[in-house]
file structure29.tsv (TSV, C-alpha atoms)
chain	number	residue	atom	x	y	z
A	1157	MET	CA	0.00	0.00	0.00
A	1158	VAL	CA	2.83	2.41	0.90
A	1159	TYR	CA	4.61	1.44	-2.35
A	1160	ARG	CA	1.56	2.40	-4.46
A	1161	SER	CA	1.24	5.68	-2.61
A	1162	THR	CA	4.91	6.44	-3.26
A	1163	GLU	CA	4.45	5.57	-6.94
A	1164	ARG	CA	1.51	7.96	-7.19
A	1165	VAL	CA	3.44	10.77	-5.54
A	1166	ARG	CA	6.41	10.16	-7.84
A	1167	ALA	CA	4.14	10.10	-10.91
A	1168	ARG	CA	2.52	13.36	-9.83
A	1169	LEU	CA	5.92	14.99	-9.26
A	1170	ASP	CA	7.19	13.75	-12.64
A	1171	ALA	CA	4.08	15.12	-14.36
A	1172	SER	CA	4.58	18.52	-12.69
A	1173	ARG	CA	8.23	18.54	-13.74
A	1174	ARG	CA	7.34	17.73	-17.37
A	1175	ARG	CA	4.68	20.45	-17.30
A	1176	ILE	CA	7.20	22.99	-16.04
A	1177	VAL	CA	9.75	22.06	-18.72
A	1178	ALA	CA	7.09	22.21	-21.46
A	1179	ALA	CA	5.97	25.63	-20.24
A	1180	ALA	CA	9.56	26.87	-20.13
A	1181	LEU	CA	10.12	25.68	-23.70
A	1182	GLU	CA	7.05	27.61	-24.83
A	1183	VAL	CA	8.13	30.78	-23.03
A	1184	MET	CA	11.69	30.50	-24.36
A	1185	ALA	CA	10.40	29.95	-27.91
A	1186	GLU	CA	8.44	33.20	-27.61
A	1187	HIS	CA	10.86	35.40	-25.64
A	1188	GLY	CA	14.29	33.80	-25.77
A	1189	TYR	CA	16.36	32.94	-22.73
A	1190	ALA	CA	16.65	36.53	-21.49
A	1191	GLY	CA	12.86	36.93	-21.59
A	1192	CYS	CA	12.21	33.81	-19.52
A	1193	THR	CA	11.55	34.22	-15.86
A	1194	VAL	CA	10.60	31.55	-13.38
A	1195	ALA	CA	7.40	33.50	-12.68
A	1196	ALA	CA	6.48	33.47	-16.39
A	1197	VAL	CA	7.11	29.74	-16.58
A	1198	ALA	CA	5.04	29.11	-13.45
A	1199	SER	CA	2.19	31.17	-14.89
A	1200	ARG	CA	2.32	29.30	-18.20
A	1201	ALA	CA	2.35	25.95	-16.36
A	1202	ALA	CA	-0.53	27.10	-14.11
A	1203	LEU	CA	1.56	26.37	-11.03
A	1204	ALA	CA	2.80	28.44	-8.12
A	1205	THR	CA	6.30	29.88	-8.49
A	1206	GLY	CA	7.29	27.99	-5.35
A	1207	THR	CA	6.33	24.72	-7.04
A	1208	VAL	CA	8.77	25.48	-9.85
A	1209	TYR	CA	11.50	26.20	-7.31
A	1210	ARG	CA	10.79	22.91	-5.52
A	1211	HIS	CA	11.63	21.09	-8.75
A	1212	PHE	CA	14.37	23.48	-9.93
A	1213	PRO	CA	16.14	25.49	-7.18
A	1214	THR	CA	17.47	28.11	-9.66
A	1215	LYS	CA	16.65	29.47	-13.10
A	1216	ALA	CA	19.90	27.91	-14.33
A	1217	ASP	CA	18.78	24.48	-13.08
A	1218	LEU	CA	15.45	24.84	-14.86
A	1219	PHE	CA	16.94	25.99	-18.14
A	1220	ALA	CA	19.72	23.42	-18.10
A	1221	GLU	CA	16.90	20.84	-18.12
A	1222	VAL	CA	15.04	22.79	-20.81
A	1223	PHE	CA	18.18	22.87	-22.97
A	1224	ARG	CA	18.69	19.12	-22.48
A	1225	THR	CA	15.10	18.42	-23.52
A	1226	ALA	CA	15.05	20.76	-26.51
A	1227	SER	CA	18.50	19.73	-27.70
A	1228	GLN	CA	17.67	16.04	-27.59
A	1229	ARG	CA	14.54	16.63	-29.67
A	1230	GLU	CA	16.62	18.44	-32.30
A	1231	VAL	CA	19.36	15.79	-32.37
A	1232	ASP	CA	16.71	13.07	-32.68
A	1233	ALA	CA	15.05	14.90	-35.60
A	1234	VAL	CA	18.36	15.25	-37.47
A	1235	THR	CA	19.23	11.61	-36.78
A	1236	ARG	CA	15.87	10.40	-38.13
A	1237	ALA	CA	16.13	12.56	-41.26
A	1238	ALA	CA	19.67	11.39	-42.06
A	1239	ALA	CA	18.74	7.74	-41.49
A	1240	LEU	CA	16.24	7.92	-44.36
A	1241	GLU	CA	19.03	8.58	-46.88
A	1242	THR	CA	21.49	6.12	-48.41
A	1243	THR	CA	24.53	8.16	-49.49
A	1244	VAL	CA	26.69	10.35	-47.30
A	1245	ALA	CA	25.98	13.35	-49.53
A	1246	ASP	CA	22.25	12.87	-49.05
A	1247	ARG	CA	22.67	12.32	-45.32
A	1248	VAL	CA	24.66	15.54	-44.96
A	1249	THR	CA	21.99	17.34	-46.98
A	1250	ALA	CA	19.31	15.92	-44.68
A	1251	VAL	CA	21.27	17.08	-41.61
A	1252	VAL	CA	21.59	20.65	-42.95
A	1253	GLU	CA	18.00	20.88	-44.19
A	1254	THR	CA	16.55	19.46	-40.98
A	1255	PHE	CA	18.77	21.50	-38.66
A	1256	CYS	CA	18.18	24.77	-40.52
A	1257	GLY	CA	14.52	24.13	-41.29
A	1258	ARG	CA	13.63	23.37	-37.69
A	1259	ALA	CA	15.71	26.30	-36.43
A	1260	LEU	CA	13.95	28.71	-38.77
A	1261	GLN	CA	10.53	27.41	-37.68
A	1262	SER	CA	11.31	28.55	-34.13
A	1263	PRO	CA	14.07	31.15	-34.45
A	1264	ARG	CA	13.91	32.50	-30.88
A	1265	LEU	CA	14.25	29.01	-29.42
A	1266	ALA	CA	17.01	28.05	-31.85
A	1267	TYR	CA	18.91	31.27	-31.15
A	1268	ALA	CA	18.66	30.58	-27.42
A	1269	LEU	CA	19.95	27.04	-27.94
A	1270	LEU	CA	22.84	28.13	-30.16
A	1271	ALA	CA	24.07	31.58	-29.24
A	1272	GLU	CA	22.12	33.67	-26.74
A	1273	PRO	CA	24.11	34.60	-23.60
A	1274	VAL	CA	23.10	32.19	-20.83
A	1275	ASP	CA	24.20	31.08	-17.35
A	1276	PRO	CA	27.31	28.84	-17.21
A	1277	ALA	CA	25.26	25.74	-16.30
A	1278	VAL	CA	23.07	26.28	-19.34
A	1279	ASP	CA	26.09	26.97	-21.54
A	1280	ALA	CA	27.49	23.59	-20.49
A	1281	GLU	CA	24.34	21.98	-21.92
A	1282	ARG	CA	24.91	23.88	-25.15
A	1283	LEU	CA	28.29	22.14	-25.49
A	1284	VAL	CA	26.64	18.76	-24.90
A	1285	PHE	CA	24.16	19.66	-27.66
A	1286	ARG	CA	26.95	20.45	-30.14
A	1287	ARG	CA	28.84	17.28	-29.25
A	1288	ALA	CA	25.71	15.22	-29.86
A	1289	TYR	CA	25.30	16.75	-33.32
A	1290	ALA	CA	28.99	16.14	-34.02
A	1291	ARG	CA	28.64	12.46	-33.04
A	1292	VAL	CA	25.76	12.04	-35.49
A	1293	LEU	CA	27.71	13.67	-38.30
A	1294	ALA	CA	30.96	11.85	-37.41
A	1295	GLY	CA	29.19	8.51	-37.80
A	1296	HIS	CA	28.10	9.43	-41.31
A	1297	VAL	CA	31.56	10.73	-42.21
A	1298	ALA	CA	33.22	7.52	-40.95
A	1299	GLU	CA	30.77	5.43	-42.95
A	1300	GLY	CA	31.39	7.58	-46.03
A	1301	ILE	CA	35.13	7.04	-45.72
A	1302	ALA	CA	34.68	3.28	-45.29
A	1303	ARG	CA	32.43	3.13	-48.38
A	1304	GLY	CA	34.79	5.24	-50.50
A	1305	GLU	CA	32.32	8.14	-50.76
A	1306	LEU	CA	34.65	10.50	-48.89
A	1307	PRO	CA	38.44	10.92	-48.85
A	1308	PRO	CA	40.36	9.86	-45.72
A	1309	GLN	CA	39.99	12.33	-42.85
A	1310	ASP	CA	39.43	12.44	-39.10
A	1311	PRO	CA	35.65	11.98	-38.77
A	1312	GLU	CA	35.41	13.51	-35.28
A	1313	LEU	CA	37.48	16.56	-36.18
A	1314	ALA	CA	35.60	17.12	-39.44
A	1315	ALA	CA	32.21	16.72	-37.78
A	1316	THR	CA	33.07	19.06	-34.91
A	1317	ALA	CA	34.32	21.73	-37.31
A	1318	LEU	CA	31.24	21.40	-39.51
A	1319	VAL	CA	28.79	21.57	-36.62
A	1320	GLY	CA	30.53	24.73	-35.41
A	1321	ALA	CA	30.40	26.26	-38.87
A	1322	LEU	CA	26.75	25.33	-39.34
A	1323	ALA	CA	25.73	26.75	-35.96
A	1324	GLU	CA	27.73	29.95	-36.48
A	1325	ALA	CA	26.33	30.44	-39.99
A	1326	MET	CA	22.78	30.27	-38.59
A	1327	VAL	CA	23.28	32.87	-35.85
A	1328	GLY	CA	22.68	35.83	-38.19
A	1329	PRO	CA	19.55	34.44	-39.84
A	1330	LEU	CA	18.14	33.34	-36.47
A	1331	SER	CA	18.72	36.71	-34.83
A	1332	ALA	CA	16.98	38.32	-37.84
A	1333	GLY	CA	14.24	35.67	-37.79
A	1334	VAL	CA	14.66	34.89	-41.49
A	1335	ALA	CA	17.17	33.32	-43.84
A	1336	GLY	CA	17.74	34.21	-47.45
A	1337	PRO	CA	16.70	31.64	-50.06
A	1338	GLY	CA	20.31	30.64	-50.70
A	1339	THR	CA	21.23	29.99	-47.07
A	1340	VAL	CA	20.41	26.30	-46.80
A	1341	PRO	CA	21.64	25.31	-50.29
A	1342	GLY	CA	24.81	27.34	-49.68
A	1343	LEU	CA	25.46	25.63	-46.36
A	1344	THR	CA	24.85	22.24	-47.93
A	1345	THR	CA	27.35	22.97	-50.71
A	1346	PHE	CA	29.87	24.22	-48.15
A	1347	LEU	CA	29.59	21.07	-46.02
A	1348	HIS	CA	29.83	18.82	-49.08
A	1349	ARG	CA	32.98	20.60	-50.26
A	1350	ALA	CA	34.53	20.58	-46.78
A	1351	LEU	CA	34.02	16.82	-46.52
A	1352	GLY	CA	35.21	16.14	-50.07
A	1353	VAL	CA	31.90	14.86	-51.42
A	1354	ALA	CA	32.33	14.20	-55.14
A	1355	PRO	CA	30.29	16.69	-57.23
call {"tool": "encode", "arguments": {"input": "structure29.tsv", "output": "structure tokens"}}
result
Amino acid sequence: MVYRSTERVRARLDASRRRIVAAALEVMAEHGYAGCTVAAVASRAALATGTVYRHFPTKADLFAEVFRTASQREVDAVTRAAALETTVADRVTAVVETFCGRALQSPRLAYALLAEPVDPAVDAERLVFRRAYARVLAGHVAEGIARGELPPQDPELAATALVGALAEAMVGPLSAGVAGPGTVPGLTTFLHRALGVAP
């Protein structure tokens, strides 16, 4: 009986935590990191501010979790898109199109994830996010080398450099809220050339 009661309490706490994170994602997508306050998140989640603080003692704790959640969704989307393709060139294209397309659908959120000034704990999650993207891309580069689609190179180094270039190239369009029509094709061409994809 005590075990069931504990399970119910844990389920209720987990549901509140998920609700807080979902509300924080919504607020951050609308106002960016700087425009997010714990009070605004609590209001959006229809919870007391104290309830938010019981789950997340500081704003940095809350947004580190928000960054983890949002980043994993984005990495999963890129991974799924690339997995649908057969050649490395097509996989790289899928990575760029998915990354940029999703970022431009929610530019405030993407800018917060990539470049907006944040607390150090949140910035640490940003690095985890970039490393996760680099791992996805490095796997495709390594496979491309093994299949003779790419010249020999260090897959991890190439992927890390390309993720950095891709993120940096999107900062301007995201801060403006729009990208020119040549942005995504241009980035795709750049990544293909950098990796040595045959034309």
call {"tool": "residues_around", "arguments": {"input": "structure29.tsv", "residues": "Phe1219 in chain A", "least_positions_apart": "5", "cutoff": "9 Å", "atoms": "all atoms listed in the file", "output": "JSON, numbers by chain"}}
result
{"A": [1177, 1180, 1181, 1189, 1212, 1214, 1224, 1275, 1277, 1278]}
call {"tool": "residues_around", "arguments": {"input": "structure29.tsv", "residues": "range 1299-1307 of chain A", "least_positions_apart": "2", "cutoff": "7 Å", "atoms": "only C-alpha atoms", "output": "VMD selection string"}}
result
chain A and resid 1244 1295 to 1297 1309 1351 to 1353
call {"tool": "atom_distance", "arguments": {"input": "structure29.tsv", "atom1": "CA of Gly1333 in chain A", "atom2": "CA of Leu1260 in chain A"}}
result
7.0 Å
call {"tool": "residues_around", "arguments": {"input": "structure29.tsv", "residues": "Ala1238 in chain A", "least_positions_apart": "6", "cutoff": "8 Å", "atoms": "only C-alpha atoms", "output": "PyMOL selection string"}}
result
chain A and resi 1246-1248+1250-1251
call {"tool": "closest_residue", "arguments": {"input": "structure29.tsv", "among": "A:Leu1283, A:Ala1298, A:Leu1269, A:Val1292", "to": "Ser1331 in chain A", "atoms": "only C-alpha atoms"}}
result
A:Leu1269
